[in-house]
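Raw contents of structure11.pdb, PDB, C-alpha atoms, pLDDT in the B column:
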ATOM      1  CA  ASP A 219     -22.974  -2.146  -0.086  1.00 90.00           C
ATOM      2  CA  LEU A 220     -19.806  -3.503  -1.669  1.00 95.00           C
ATOM      3  CA  GLY A 221     -20.040  -1.130  -4.646  1.00 95.00           C
ATOM      4  CA  LEU A 222     -20.135   1.886  -2.346  1.00 95.00           C
ATOM      5  CA  LEU A 223     -17.214   0.525  -0.331  1.00 97.00           C
ATOM      6  CA  LYS A 224     -15.212   0.223  -3.552  1.00 97.00           C
ATOM      7  CA  GLN A 225     -16.177   3.802  -4.425  1.00 95.00           C
ATOM      8  CA  ALA A 226     -15.080   5.032  -0.982  1.00 96.00           C
ATOM      9  CA  CYS A 227     -11.765   3.206  -1.369  1.00 97.00           C
ATOM     10  CA  SER A 228     -11.192   4.787  -4.762  1.00 96.00           C
ATOM     11  CA  GLU A 229     -11.913   8.280  -3.425  1.00 93.00           C
ATOM     12  CA  LEU A 230      -9.335   7.771  -0.666  1.00 95.00           C
ATOM     13  CA  GLY A 231      -6.682   6.302  -2.967  1.00 96.00           C
ATOM     14  CA  LEU A 232      -7.029   2.811  -1.481  1.00 97.00           C
ATOM     15  CA  THR A 233      -6.939  -0.359  -3.574  1.00 98.00           C
ATOM     16  CA  PHE A 234      -9.863  -2.764  -3.238  1.00 98.00           C
ATOM     17  CA  MET A 235      -8.619  -6.298  -3.878  1.00 98.00           C
ATOM     18  CA  ASP A 236     -11.552  -8.406  -5.146  1.00 97.00           C
ATOM     19  CA  ASN A 237     -11.471 -12.034  -4.013  1.00 97.00           C
ATOM     20  CA  GLN A 238      -8.241 -11.704  -2.008  1.00 98.00           C
ATOM     21  CA  THR A 239      -8.792 -14.290   0.739  1.00 98.00           C
ATOM     22  CA  THR A 240      -6.239 -13.088   3.299  1.00 97.00           C
ATOM     23  CA  TYR A 241      -5.220  -9.693   4.592  1.00 97.00           C
ATOM     24  CA  ARG A 242      -1.872  -8.653   6.054  1.00 95.00           C
ATOM     25  CA  TRP A 243      -1.853  -8.231   9.831  1.00 93.00           C
ATOM     26  CA  TYR A 244       0.423  -9.126  12.748  1.00 90.00           C
ATOM     27  CA  GLY A 245      -0.307 -12.780  12.051  1.00 88.00           C
ATOM     28  CA  GLU A 246      -1.184 -13.917  15.523  1.00 86.00           C
ATOM     29  CA  HIS A 247      -3.770 -12.821  18.066  1.00 84.00           C
ATOM     30  CA  VAL A 248      -1.908 -12.231  21.326  1.00 81.00           C
ATOM     31  CA  GLY A 249      -4.960 -11.392  23.446  1.00 79.00           C
ATOM     32  CA  ASP A 250      -4.297  -7.663  23.742  1.00 79.00           C
ATOM     33  CA  TYR A 251      -7.682  -6.657  22.307  1.00 82.00           C
ATOM     34  CA  PRO A 252     -11.063  -8.360  21.974  1.00 85.00           C
ATOM     35  CA  ILE A 253     -11.827 -10.299  18.815  1.00 88.00           C
ATOM     36  CA  PRO A 254     -14.928  -8.908  17.056  1.00 89.00           C
ATOM     37  CA  ALA A 255     -18.184 -10.607  18.006  1.00 89.00           C
ATOM     38  CA  GLY A 256     -18.895 -13.703  15.944  1.00 90.00           C
ATOM     39  CA  PHE A 257     -15.232 -14.271  15.042  1.00 93.00           C
ATOM     40  CA  THR A 258     -12.509 -16.481  16.492  1.00 92.00           C
ATOM     41  CA  ALA A 259      -8.737 -16.094  16.577  1.00 90.00           C
ATOM     42  CA  GLU A 260      -8.594 -18.546  13.666  1.00 92.00           C
ATOM     43  CA  ASP A 261     -10.763 -16.203  11.566  1.00 93.00           C
ATOM     44  CA  MET A 262      -8.268 -13.362  11.858  1.00 93.00           C
ATOM     45  CA  GLY A 263      -6.314 -12.792   8.657  1.00 95.00           C
ATOM     46  CA  ARG A 264      -8.961 -14.475   6.496  1.00 97.00           C
ATOM     47  CA  CYS A 265     -11.370 -12.521   4.309  1.00 97.00           C
ATOM     48  CA  ASP A 266     -13.409 -12.446   1.120  1.00 98.00           C
ATOM     49  CA  HIS A 267     -11.766  -9.263  -0.181  1.00 98.00           C
ATOM     50  CA  ALA A 268      -9.047  -6.951   1.091  1.00 98.00           C
ATOM     51  CA  ILE A 269      -8.207  -3.271   1.029  1.00 97.00           C
ATOM     52  CA  ARG A 270      -4.635  -2.086   0.526  1.00 97.00           C
ATOM     53  CA  VAL A 271      -3.693   1.216   2.080  1.00 96.00           C
ATOM     54  CA  PRO A 272      -0.734   3.127   0.581  1.00 95.00           C
ATOM     55  CA  GLY A 273       2.071   3.481   3.114  1.00 91.00           C
ATOM     56  CA  ALA A 274       0.622   0.899   5.507  1.00 93.00           C
ATOM     57  CA  THR A 275       2.150  -2.495   6.207  1.00 92.00           C
ATOM     58  CA  TYR A 276      -1.175  -4.048   7.153  1.00 94.00           C
ATOM     59  CA  GLU A 277      -4.383  -4.399   5.130  1.00 96.00           C
ATOM     60  CA  ILE A 278      -8.098  -4.375   5.898  1.00 96.00           C
ATOM     61  CA  GLY A 279     -10.061  -7.580   5.444  1.00 97.00           C
ATOM     62  CA  VAL A 280     -13.609  -7.457   4.102  1.00 97.00           C
ATOM     63  CA  VAL A 281     -15.595 -10.434   5.383  1.00 97.00           C
ATOM     64  CA  LYS A 282     -19.123 -11.327   4.307  1.00 95.00           C
ATOM     65  CA  ARG A 283     -21.292 -12.530   7.162  1.00 93.00           C
ATOM     66  CA  ASP A 284     -24.974 -13.165   6.509  1.00 90.00           C
ATOM     67  CA  ASP A 285     -26.109 -10.251   4.341  1.00 90.00           C
ATOM     68  CA  LYS A 286     -23.484  -7.672   5.286  1.00 91.00           C
ATOM     69  CA  HIS A 287     -19.771  -7.026   4.945  1.00 94.00           C
ATOM     70  CA  ILE A 288     -17.601  -6.505   8.012  1.00 94.00           C
ATOM     71  CA  LEU A 289     -14.207  -4.804   8.068  1.00 94.00           C
ATOM     72  CA  LEU A 290     -11.418  -6.489  10.045  1.00 94.00           C
ATOM     73  CA  TRP A 291      -7.934  -5.070  10.618  1.00 91.00           C
ATOM     74  CA  ASP A 292      -5.065  -5.030  13.045  1.00 88.00           C
ATOM     75  CA  PHE A 293      -4.939  -1.600  14.623  1.00 80.00           C
ATOM     76  CA  TRP A 294      -1.382  -1.964  15.984  1.00 79.00           C
ATOM     77  CA  SER A 295       0.255   1.400  15.349  1.00 73.00           C
ATOM     78  CA  SER A 296       3.266   0.023  13.483  1.00 73.00           C
ATOM     79  CA  GLY A 297       0.925  -1.488  10.882  1.00 79.00           C
ATOM     80  CA  GLY A 298       0.162   2.011   9.576  1.00 88.00           C
ATOM     81  CA  LEU A 299      -3.619   1.776   9.188  1.00 91.00           C
ATOM     82  CA  GLU A 300      -4.487   4.195  11.977  1.00 89.00           C
ATOM     83  CA  GLN A 301      -2.016   6.766  10.669  1.00 89.00           C
ATOM     84  CA  ALA A 302      -3.517   6.517   7.168  1.00 91.00           C
ATOM     85  CA  LEU A 303      -7.221   6.204   8.004  1.00 91.00           C
ATOM     86  CA  GLY A 304      -7.601   7.621  11.501  1.00 89.00           C
ATOM     87  CA  ARG A 305      -8.800   5.886  14.608  1.00 87.00           C
ATOM     88  CA  ASN A 306     -11.105   2.946  13.930  1.00 87.00           C
ATOM     89  CA  ALA A 307     -10.678   3.512  10.156  1.00 91.00           C
ATOM     90  CA  GLY A 308     -12.758   6.671  10.555  1.00 91.00           C
ATOM     91  CA  ARG A 309     -11.824   8.201   7.196  1.00 91.00           C
ATOM     92  CA  LEU A 310     -12.883   5.062   5.319  1.00 95.00           C
ATOM     93  CA  LYS A 311     -16.151   4.846   7.229  1.00 93.00           C
ATOM     94  CA  GLN A 312     -16.782   8.538   6.604  1.00 92.00           C
ATOM     95  CA  ALA A 313     -16.125   8.156   2.859  1.00 93.00           C
ATOM     96  CA  TYR A 314     -18.516   5.183   2.773  1.00 95.00           C
ATOM     97  CA  ALA A 315     -21.222   7.159   4.601  1.00 93.00           C
ATOM     98  CA  VAL A 316     -20.852  10.072   2.168  1.00 91.00           C
ATOM     99  CA  ALA A 317     -21.115   7.707  -0.821  1.00 93.00           C
ATOM    100  CA  ARG A 318     -24.240   6.165   0.710  1.00 92.00           C
ATOM    101  CA  VAL A 319     -25.907   9.549   1.265  1.00 93.00           C
ATOM    102  CA  LYS A 320     -25.009  10.631  -2.272  1.00 90.00           C
ATOM    103  CA  GLN A 321     -26.583   7.469  -3.655  1.00 92.00           C
ATOM    104  CA  GLN A 322     -29.778   7.936  -1.675  1.00 90.00           C
ATOM    105  CA  ALA A 323     -29.941  11.645  -2.528  1.00 90.00           C
ATOM    106  CA  HIS A 324     -29.694  10.800  -6.218  1.00 86.00           C
ATOM    107  CA  LEU A 325     -32.434   8.172  -5.917  1.00 87.00           C
ATOM    108  CA  GLY A 326     -34.658  10.615  -4.055  1.00 89.00           C
ATOM    109  CA  LYS A 327     -33.956  13.360  -6.597  1.00 88.00           C
ATOM    110  CA  TYR A 328     -32.322  15.651  -4.043  1.00 88.00           C
ATOM    111  CA  ARG A 329     -29.556  18.102  -4.804  1.00 89.00           C
ATOM    112  CA  LEU A 330     -26.552  17.613  -2.610  1.00 88.00           C
ATOM    113  CA  ARG A 331     -24.004  20.148  -1.493  1.00 89.00           C
ATOM    114  CA  GLN A 332     -20.840  18.884   0.176  1.00 89.00           C
ATOM    115  CA  GLN A 333     -18.390  20.924   2.224  1.00 90.00           C
ATOM    116  CA  GLN A 334     -15.379  19.872   4.245  1.00 88.00           C
ATOM    117  CA  THR A 335     -14.610  21.822   7.394  1.00 87.00           C
ATOM    118  CA  ALA A 336     -11.135  22.704   8.645  1.00 89.00           C
ATOM    119  CA  ASN A 337     -11.147  19.758  11.085  1.00 85.00           C
ATOM    120  CA  GLY A 338     -11.977  17.235   8.327  1.00 78.00           C
ATOM    121  CA  THR A 339     -15.681  16.901   9.071  1.00 82.00           C
ATOM    122  CA  ILE A 340     -17.838  16.628   5.985  1.00 87.00           C
ATOM    123  CA  GLN A 341     -21.087  18.564   5.913  1.00 87.00           C
ATOM    124  CA  LEU A 342     -23.802  17.467   3.491  1.00 88.00           C
ATOM    125  CA  THR A 343     -26.822  19.596   2.661  1.00 88.00           C
ATOM    126  CA  LEU A 344     -29.768  18.122   0.751  1.00 89.00           C
ATOM    127  CA  THR A 345     -32.361  20.250  -1.026  1.00 89.00           C
ATOM    128  CA  ARG A 346     -35.150  19.574  -3.472  1.00 86.00           C
TER     129      ARG A 346
END
Re-express the file's structure as structure tokens.
Amino acid sequence: DLGLLKQACSELGLTFMDNQTTYRWYGEHVGDYPIPAGFTAEDMGRCDHAIRVPGATYEIGVVKRDDKHILLWDFWSSGGLEQALGRNAGRLKQAYAVARVKQQAHLGKYRLRQQQTANGTIQLTLTR
């Protein structure tokens, strides 16, 4: 859900760039990691939208394939994304998951309680 992704970006202080058709990355696939399934080396760096991460050199590409959006990024450590968002963009994915649960809880008329633990894990409790 693109709206929830935008919400997650906002909560993390990231900038969602609507209709930006390229994202910053190393600029060349050198074969040091597998290209995501369904993509080619020529697809890398191209996107439908992008996400800018404060303090990072590289950006995240948001690519629409079929009926879903896929995140693409260069995880090279000097690009800064892993330092800002954790391994595999974990903080962004976590923020998206929380936004999704909040949306569904609201639709189902549940009350939601959110707590963050010392290690950064978010605990959600739903009650009627």
Answer key for the PyMOL selection byres ((chain A and resi 295) around 12), residues as a ChimeraX atom specification: /A:243-244,274-276,291-294,296-306
Selection: 12 Å around Glu229 (chain A), all atoms listed in the file, excl. self and same-chain fewer than 5 positions, as a PyMOL selection string: chain A and resi 222-224+234+309-314+316-317
Answer key for the PyMOL selection byres ((chain A and resi 277) around 6), residues as a ChimeraX atom specification: /A:241-242,269-270,276,278
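This file gives the following result for the PyMOL selection byres ((chain A and resi 322-330) around 8): Arg318, Val319, Lys320, Gln321, Arg331, Gln332, Leu342, Thr343, Leu344, Thr345 and Arg346 of chain A.
Comparing the minimum interatomic distances between Gly279 (chain A) and each of A:Ala336, A:Ala315, A:Cys227, A:Met235, counting only C-alpha atoms, we find that A:Met235 sits nearest.
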Straight-line distance linking CA of Lys282 (chain A) with CA of Gly249 (chain A), stated in Å to one decimal: 23.8 Å
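For the set A:Thr240, A:Glu246, A:His287, A:Asp219, the residue with the smallest atom-to-atom gap to Gly263 (chain A) is A:Thr240, counting only C-alpha atoms.
If you measure from each of A:Arg283, A:Asp250, A:Phe257, A:Gly308 to Ala226 (chain A) using only C-alpha atoms, the closest one turns out to be A:Gly308.
The spacing separating CA of Leu220 (chain A) from CA of His247 (chain A) amounts to 27.1 Å.
With CA of Asp284 (chain A) on one side and CA of Tyr251 (chain A) on the other, the separation reads 24.3 Å.
The smallest atom-to-atom distance between Val280 (chain A) and any of A:Asn337, A:Glu260, A:Asp236, A:Ala255, using only C-alpha atoms, is found for A:Asp236.
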Exercise on region 242-256 of chain A, axis-aligned box with 6 Å per side, report centre and edge lengths in Å to one decimal, as AutoDock Vina command-line options:
--center_x -9.2 --center_y -10.3 --center_z 14.9 --size_x 31.3 --size_y 19.3 --size_z 29.7
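Comparing A:Pro272, A:His267, A:Ile288, A:Ala307 by their smallest distance to Thr239 (chain A), the closest is A:His267 (using only C-alpha atoms).
Candidate residues A:Ala268, A:Ile253, A:Met262, A:Val248 were compared for distance to Leu232 (chain A), and the nearest is A:Ala268, using only C-alpha atoms.
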